[in-house]
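Structure first, commentary second.
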2 protein chains.
Amino acid sequence: MEMPIVADVLVHRSIQITFIQYHHMVDHSPETVADPVLGDAILQRTSEAGSFDLDETWHRGPSLLSAQSSKGLARHLNQFFALRVCIRPPPRVHFSLCSPFRSLQIRFPFTLKRMILTLEWTSEGVRFIDQTKLPLEETYVIATSYSQVADVIVTMVVRGAPAIGVSAAFGISLGAQKTDAATTEEFAPEFAHICAVLAGTRPTAVNLFWAIDRMKALFAKLQANGASLAEVQKALLADALAMYDEDIAACKAMGAYGAELMPDEGGVLTHCNAGALATCGYGTALGVIRGAVERGKQIHVFADETRPFLQGARLTAWELMADGIPTTVLCDNMAASLMRQGRIQAVVVGADRIAANGDVANKIGTYSVAILAKEHGIPFYVAAPWSTIDRATATGDQIPIEERSPTEVTHHGGKQLTPHGVGICNPAFDVTPAKYVTAIITERGILRAPYSETLQAMELVAR
Amino acid sequence: MEMPIVADVLVHRSIQITFIQYHHMVDHSPETVADPVLGDAILQRTSEAGSFDLDETWHRGPSLLSAQSSKGLARHLNQFFALRVCIRPPPRVHFSLCSPFRSLQIRFPFTLKRMILTLEWTSEGVRFIDQTKLPLEETYVIATSYSQVADVIVTMVVRGAPAIGVSAAFGISLGAQKTDAATTEEFAPEFAHICAVLAGTRPTAVNLFWAIDRMKALFAKLQANGASLAEVQKALLADALAMYDEDIAACKAMGAYGAELMPDEGGVLTHCNAGALATCGYGTALGVIRGAVERGKQIHVFADETRPFLQGARLTAWELMADGIPTTVLCDNMAASLMRQGRIQAVVVGADRIAANGDVANKIGTYSVAILAKEHGIPFYVAAPWSTIDRATATGDQIPIEERSPTEVTHHGGKQLTPHGVGICNPAFDVTPAKYVTAIITERGILRAPYSETLQAMELVAR
């Protein structure tokens with residue numbers, strides 16, 4: 001089905017305009033498309049309406065753009081087309097848009113806020129933005145089997161503790177949909193195998209095991225209740241989709257709680273990417289920053305580049321720029337110097353696993369940042385959903401730390417950086433002892449030391 | 001002149017054998033070629049003689065190799081040919097070698113120790129190993145004018161505080177040799193201009209200004225004494241060559257003093273490259289490590305990769321591997337984790353400028369390492385020649401810090417890492433306050449806090 005949309009666009013020379021289709025989580029929460037103006041999540045009015053300066057590097061011209069829907073529109077009121085504008089520099093564009101399928105007339109300057117779809121369930125399989133290709137290539141891969149989902153986790157096409165938890169749940173659901181088994185009983189050993197394969201992808205982030213355990217518990221309950229295979233398939237998918245929604249909701253709650261801890265104005269350092277790309281959307285640490293910015297705080301983000309995988313330089317920078325949040329990338333070894341200069345007022349990072357005593361496993365380098373923050377008297381915050389807290393692990397010393405391939409350090413873009421045969425360290429994570437953590441921000445609220453007590457107390461309250 | 005050398009070599013499949021010519025600083029110190037067995041600096045007998053295992057991946061076969069001398073041999077007893085073997089993996093090769101120009105018969109297994117010629121004065125100009133191409137390409141550039149020497153410093157073909165000091169002295173000497181002036185008086189304004197150009201190359205390392213000031217003082221003295229231009233040219237070159245020798249001698253002295261501070265056995269962390277490649281040879285921080293290893297200490301070096309220019313991953317790893325010193329490269333953000341695991345017993349780094357109070361300006365990230373060392377109770381040593389100490393600068397706050405191009409951070413190997421338009425930090429240096437420095441190792445001895453007093457005392461003793 002062809003749908004012409006006429007857009008009168010002020011186009012920068014390097015502008016690229018494409019149409020993409022946004023599935024909007026609407027299979028399970030249709031109210032999120034209630035906004036007639038393409039949805040808040042996608043378009044946001046700028047407070048600087050009309051302040052845009054037209055200069056000679058910009059050209060005005062009407063363009064006839066079209067997009068192909070993969071499905072009939074009438075059947076998919078839950079889907080719509082959004083004009084996505086990839087702009088260098090910042091995302092500010094003035095256009096008018098007519099869509100024949102909705103009586104929309106948008107005719108004001110606005111800041112385009114991109115909705116980053118880290119992963120999503122589609123009828124073809126699980127669709128992931130390929131994070132190994134960002135920021136210069138925005139490509140997507142569709143995993144059509146649970147083993148492809150496992151590959152996508154291992155190769156870090158998707159990464160970030162909350163995101164890989166939901167990815168695993170989607171993978172299990174996909175395995176259930178694609179089984180050749182005829183009955184729940186016949187599927188049971190295959191289900192166990194699928195769970196084992198997904199659990200073997202990465203060792204450190206506890207959300208992976210949390211999500212798998214939740215699916216296992218659901219399956220066990222369904223099996224005990226004599227559910228049919230069709231009922232099992234439906235229930236597993238519903239629960240995976242629920243986890244997806246819960247993850248975004250948790251991020252937004254962390255953002256709301258954490259915003260108050262952020263400075264009204266100043267620099268906030270983050271390490272790795274604990275953003276929309278590490279979750280199903282909005283982010284944990286970057287969710288806190290987004291929450292602060294949405295509440296009017298003037299935050300300048302300093303993003304550690306985060307060697308060797310460069311999650312900060314590539315992913316954090318990319319997603320914050322898409323939101324128009326001022327961001328400066330620095331090499332990991334520069335943070336101390338900026339702190340000494342008084343340019344950092346707070347640090348906020350995510351977590352891959354938080355032990356019962358409050359020790360935090362997170363991306364390699366986090367421990368270093370925590371020590372530097374302490375030395376400079378800067379608060380060090382950890383933002384993570386409750387599913388990251390592993391009260392079964394007493395302290396950080398018991399958290400398994402993944403050692404990844406030396407080639408992540410020795411090579412970049414196929415080019416070798418180091419001499420042949422030199423020894424290489426590449427632990428993917430480190431453990432920050434609880435004593436360095438000023439507060440842990442969760443969707444249930446903010447925790448402070450002593451964490452063994454406050455974590456337990458909040459757990460009891462939640463029950 | 002063609003000189004065949006027959007070598008019976010056990011050759012690994014990937015071995016590359018080339019002959020290179022070693023100028024051995026002999027114009028000014030001929031005694032260094034006294035060793036008949038190609039010189040200790042190049043070949044060193046292994047303690048594991050005969051322990052080499054021949055296996056099927058190695059092939060035995062005689063090869064006829066030849067090399068061309070650029071000059072007649074009789075006139076250049078100070079030059080000789082050495083068999084240089086680039087080997088993957090470690091540099092251990094068994095061969096016999098016959099040279100018609102010396103009655104050499106070497107017929108034992110030995111470990112090849114490469115002599116790294118960071119820079120050298122040649123009849124054509126100043127020859128530099130191109131440090132931007134290491135470790136995978138070993139290429140050399142010859143600067144034939146003072147402005148080319150300046151370019152080589154700016155583009156970091158040569159880097160490291162002591163090396164750029166001597167480079168500037170060579171550049172001034174080259175300028176004097178190439179002048180069109182007929183008299184010393186006529187040359188004087190050109191001399192001032194040459195000094196200004198070289199002083200404008202990089203701001204932080206004080207050795208640059210130290211070397212230029214030394215040449216200026218010499219010139220002023222010669223001019224006052226009515227020296228002829230030929231005498232000036234000769235004296236400037238002699239002083240530059242003396243600086244070269246003094247630099248290597250200072251490194252060896254630092255190695256001897258610093259060795260005692262190194263653990264008898266264990267891990268030593270270093271940052272950036274304060275090695276042979278940062279000096280005229282042997283190195284400052286790596287000189288201390290070499291001194292310890294030569295005295296039988298079992299040191300495993302951990303080399304921070306040192307973003308963005310990767311001096312650790314590229315240069316430190318390359319030169320330590322050439323010496324057969326066990327080396328592991330880590331990303332800058334991994335050091336804290338290794339310290340917590342008890343794998344680092346000491347830290348030793350170089351310096352670009354040491355203020356009168358003992359504050360140390362060095363490669364960006366040094367300050368971070370110093371804080372981490374303090375937090376883990378690990379000694380943090382700085383090794384630097386006396387020419388790095390700038391008693392005219394009261395504290396580190398007054399040391400100018402060079403901000404280099406963002407592209408060093410955003411790009412690698414021509415490939416962009418970061419999203420378009422993101423802000424970038426790229427200070428090349430930071431300042432480590434004296435309170436973090438356990439000791440400063442110089443060629444005059446080891447200094448400890450309070451540095452303002454001990455630096456002054458040692459200065460007085462030296463006078």
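Labeling convention for the structure tokens: chains A, B, ... as they appear, residues from 1 per chain, ligands from 1 in order of appearance.
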
Q.
Using only C-alpha atoms and a cut-off of 7 Å, which residues of chain B sit close to chain A? Please list them as a PyMOL selection string.
A. chain B and resi 88-89+135-136+307-308+313-314+317-318+327-334+336-337+364-365+367-368+371-372+417-426+430

Taking N, CA and C atoms for each residue, export the selection above as a tab-separated table (two decimals), in the first residue's frame.
```tsv
chain	number	residue	atom	x	y	z
B	88	ARG	N	57.52	-13.35	14.75
B	88	ARG	CA	56.29	-13.60	15.47
B	88	ARG	C	56.22	-15.10	15.62
B	89	PRO	N	56.00	-15.63	16.75
B	89	PRO	CA	56.13	-15.01	18.08
B	89	PRO	C	57.58	-14.82	18.52
B	135	PRO	N	52.74	-0.12	15.63
B	135	PRO	CA	53.75	-1.17	15.60
B	135	PRO	C	53.79	-2.00	14.33
B	136	LEU	N	52.87	-1.80	13.44
B	136	LEU	CA	52.80	-2.74	12.31
B	136	LEU	C	53.71	-2.36	11.16
B	307	ARG	N	44.64	5.93	25.35
B	307	ARG	CA	43.86	6.65	24.34
B	307	ARG	C	44.17	8.14	24.43
B	308	PRO	N	44.01	8.88	23.34
B	308	PRO	CA	43.57	8.40	22.02
B	308	PRO	C	44.70	7.95	21.10
B	313	ALA	N	49.55	0.86	23.77
B	313	ALA	CA	49.21	-0.33	22.96
B	313	ALA	C	50.16	-0.49	21.79
B	314	ARG	N	50.58	0.63	21.21
B	314	ARG	CA	51.40	0.57	20.01
B	314	ARG	C	52.89	0.57	20.34
B	317	ALA	N	54.17	-1.54	24.03
B	317	ALA	CA	54.08	-2.99	23.76
B	317	ALA	C	55.14	-3.39	22.74
B	318	TRP	N	55.32	-2.60	21.71
B	318	TRP	CA	56.27	-2.93	20.65
B	318	TRP	C	57.70	-2.97	21.18
B	327	THR	N	54.73	-8.53	28.53
B	327	THR	CA	53.89	-7.32	28.49
B	327	THR	C	52.45	-7.68	28.19
B	328	THR	N	51.56	-7.06	28.94
B	328	THR	CA	50.13	-7.20	28.68
B	328	THR	C	49.54	-5.81	28.49
B	329	VAL	N	48.83	-5.65	27.40
B	329	VAL	CA	48.16	-4.37	27.13
B	329	VAL	C	46.75	-4.41	27.74
B	330	LEU	N	46.36	-3.32	28.36
B	330	LEU	CA	45.00	-3.21	28.88
B	330	LEU	C	44.43	-1.87	28.45
B	331	CYS	N	43.12	-1.79	28.38
B	331	CYS	CA	42.48	-0.49	28.14
B	331	CYS	C	42.66	0.34	29.41
B	332	ASP	N	42.70	1.65	29.22
B	332	ASP	CA	42.96	2.55	30.35
B	332	ASP	C	41.98	2.32	31.51
B	333	ASN	N	40.76	1.93	31.17
B	333	ASN	CA	39.74	1.79	32.21
B	333	ASN	C	39.83	0.47	32.97
B	334	MET	N	40.83	-0.36	32.66
B	334	MET	CA	40.95	-1.67	33.32
B	334	MET	C	41.95	-1.68	34.47
B	336	ALA	N	42.22	-0.13	37.33
B	336	ALA	CA	41.71	-0.21	38.70
B	336	ALA	C	41.36	-1.65	39.05
B	337	SER	N	40.75	-2.34	38.11
B	337	SER	CA	40.34	-3.71	38.33
B	337	SER	C	41.55	-4.62	38.59
B	364	ILE	N	47.81	12.45	29.38
B	364	ILE	CA	46.46	12.39	29.92
B	364	ILE	C	46.17	10.96	30.43
B	365	GLY	N	45.64	10.91	31.63
B	365	GLY	CA	45.34	9.61	32.24
B	365	GLY	C	46.29	9.27	33.37
B	367	TYR	N	47.09	11.15	35.91
B	367	TYR	CA	46.48	11.59	37.16
B	367	TYR	C	45.50	10.53	37.68
B	368	SER	N	44.73	9.98	36.75
B	368	SER	CA	43.78	8.93	37.08
B	368	SER	C	44.52	7.71	37.66
B	371	ILE	N	45.70	8.36	41.24
B	371	ILE	CA	44.63	8.24	42.25
B	371	ILE	C	44.33	6.77	42.53
B	372	LEU	N	44.25	5.99	41.48
B	372	LEU	CA	43.94	4.56	41.64
B	372	LEU	C	45.04	3.87	42.44
B	417	LEU	N	34.53	7.08	14.65
B	417	LEU	CA	33.99	6.26	15.73
B	417	LEU	C	32.74	6.87	16.35
B	418	THR	N	32.65	8.19	16.31
B	418	THR	CA	31.62	8.93	17.06
B	418	THR	C	30.57	9.50	16.10
B	419	PRO	N	29.39	9.84	16.64
B	419	PRO	CA	28.40	10.45	15.76
B	419	PRO	C	28.84	11.85	15.30
B	420	HIS	N	28.34	12.26	14.17
B	420	HIS	CA	28.67	13.57	13.63
B	420	HIS	C	28.32	14.66	14.63
B	421	GLY	N	29.24	15.57	14.82
B	421	GLY	CA	28.91	16.80	15.55
B	421	GLY	C	28.96	16.71	17.06
B	422	VAL	N	29.27	15.56	17.63
B	422	VAL	CA	29.30	15.47	19.09
B	422	VAL	C	30.51	16.25	19.61
B	423	GLY	N	30.36	16.82	20.82
B	423	GLY	CA	31.49	17.50	21.45
B	423	GLY	C	32.59	16.53	21.81
B	424	ILE	N	33.82	16.99	21.80
B	424	ILE	CA	34.96	16.11	22.07
B	424	ILE	C	35.93	16.83	23.02
B	425	CYS	N	36.43	16.09	24.01
B	425	CYS	CA	37.54	16.55	24.84
B	425	CYS	C	38.81	15.88	24.34
B	426	ASN	N	39.89	16.60	24.23
B	426	ASN	CA	41.16	15.94	23.91
B	426	ASN	C	42.37	16.68	24.48
B	430	ASP	N	47.69	15.75	31.66
B	430	ASP	CA	47.05	16.20	32.88
B	430	ASP	C	48.14	16.42	33.92
```

Q: Could you tell me, as a VMD selection string, which residues of range 98-204 of chain A DSSP assigns to strand (DSSP E) when given the backbone?
A: chain A and resid 98 to 99 104 to 112 119 to 121 126 to 129 140 to 143

Q | Interatomic distance (Å, one decimal) between CA of Cys280 in chain A and CA of Met262 in chain A | A | 22.8 Å

Q.
Show me, as JSON, numbers by chain, the residues that have an atom within 12 Å of Gly200 in chain B when counting only C-alpha atoms, minus same-chain residues fewer than 6 positions from it.
A. {"B": [147, 149, 150, 151, 153, 154, 168, 193, 194, 208, 209, 212, 402]}

Put those residues in a file: C-alpha atoms, as a short mmCIF file (atom, residue, chain, number, x, y, z; two decimals), in the first residue's frame.
```cif
data_model
loop_
_atom_site.label_atom_id
_atom_site.label_comp_id
_atom_site.auth_asym_id
_atom_site.auth_seq_id
_atom_site.Cartn_x
_atom_site.Cartn_y
_atom_site.Cartn_z
CA SER B 147 60.95 23.16 9.58
CA VAL B 149 61.87 18.68 12.24
CA ALA B 150 59.15 20.99 13.56
CA ASP B 151 56.54 19.15 11.48
CA ILE B 153 57.29 17.03 16.34
CA VAL B 154 53.83 18.51 15.68
CA ALA B 168 64.68 20.36 18.61
CA HIS B 193 63.54 32.41 14.09
CA ILE B 194 64.51 28.72 13.99
CA LEU B 208 61.77 21.22 24.40
CA PHE B 209 62.35 24.68 25.89
CA ILE B 212 66.30 25.30 22.87
CA GLU B 402 47.94 21.16 25.04
#
```

Q: DSSP on the backbone, then: every residue of range 108-280 of chain B marked helix (DSSP H, G or I), written as a PyMOL selection string.
A: chain B and resi 146-154+161-178+184-199+206-224+229-259+276-278

Q | For range 214-223 of chain A: contacts at 9 Å, only C-alpha atoms, fewer than 2 positions along chain excluded, given as number ranges by chain | A | A: 169, 172-173, 184-185, 188, 191-192, 195, 209-212, 225-228, 231-232, 235-236, 239-240

Q.
Excluding Ala462 in chain B and its own-chain neighbours fewer than 6 positions away, which residues fall within 12 Å of it when counting only C-alpha atoms? Please give them as JSON, numbers by chain.
A. {"B": [386, 443, 444, 445, 455, 456]}

Just C-alpha atoms for this one: save the residues we selected as a PDB file, in the first residue's frame.
```pdb
ATOM      1  CA  TRP B 386      66.582  16.541  35.262  1.00  0.00           C
ATOM      2  CA  GLU B 443      69.624  10.488  36.766  1.00  0.00           C
ATOM      3  CA  ARG B 444      70.864  12.285  39.885  1.00  0.00           C
ATOM      4  CA  GLY B 445      69.072   9.990  42.264  1.00  0.00           C
ATOM      5  CA  LEU B 455      64.405  19.203  44.261  1.00  0.00           C
ATOM      6  CA  GLN B 456      66.145  22.348  45.439  1.00  0.00           C
TER       7      GLN B 456
END
```

Q) Rounded to one decimal in Å, what is the spacing between CA of Ala361 in chain B and CA of Arg343 in chain B? A)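 Going from CA of Ala361 in chain B over to CA of Arg343 in chain B, I get 25.9 Å.
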
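In this comparison, which uses only C-alpha atoms, the residue of A:Leu174, A:Ala278, A:Ala449, A:Leu261 approaching Lys297 in chain A most closely is A:Leu261.
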
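Counting from CA of Ala256 in chain A, the distance to CA of Gly291 in chain A is 5.5 Å.
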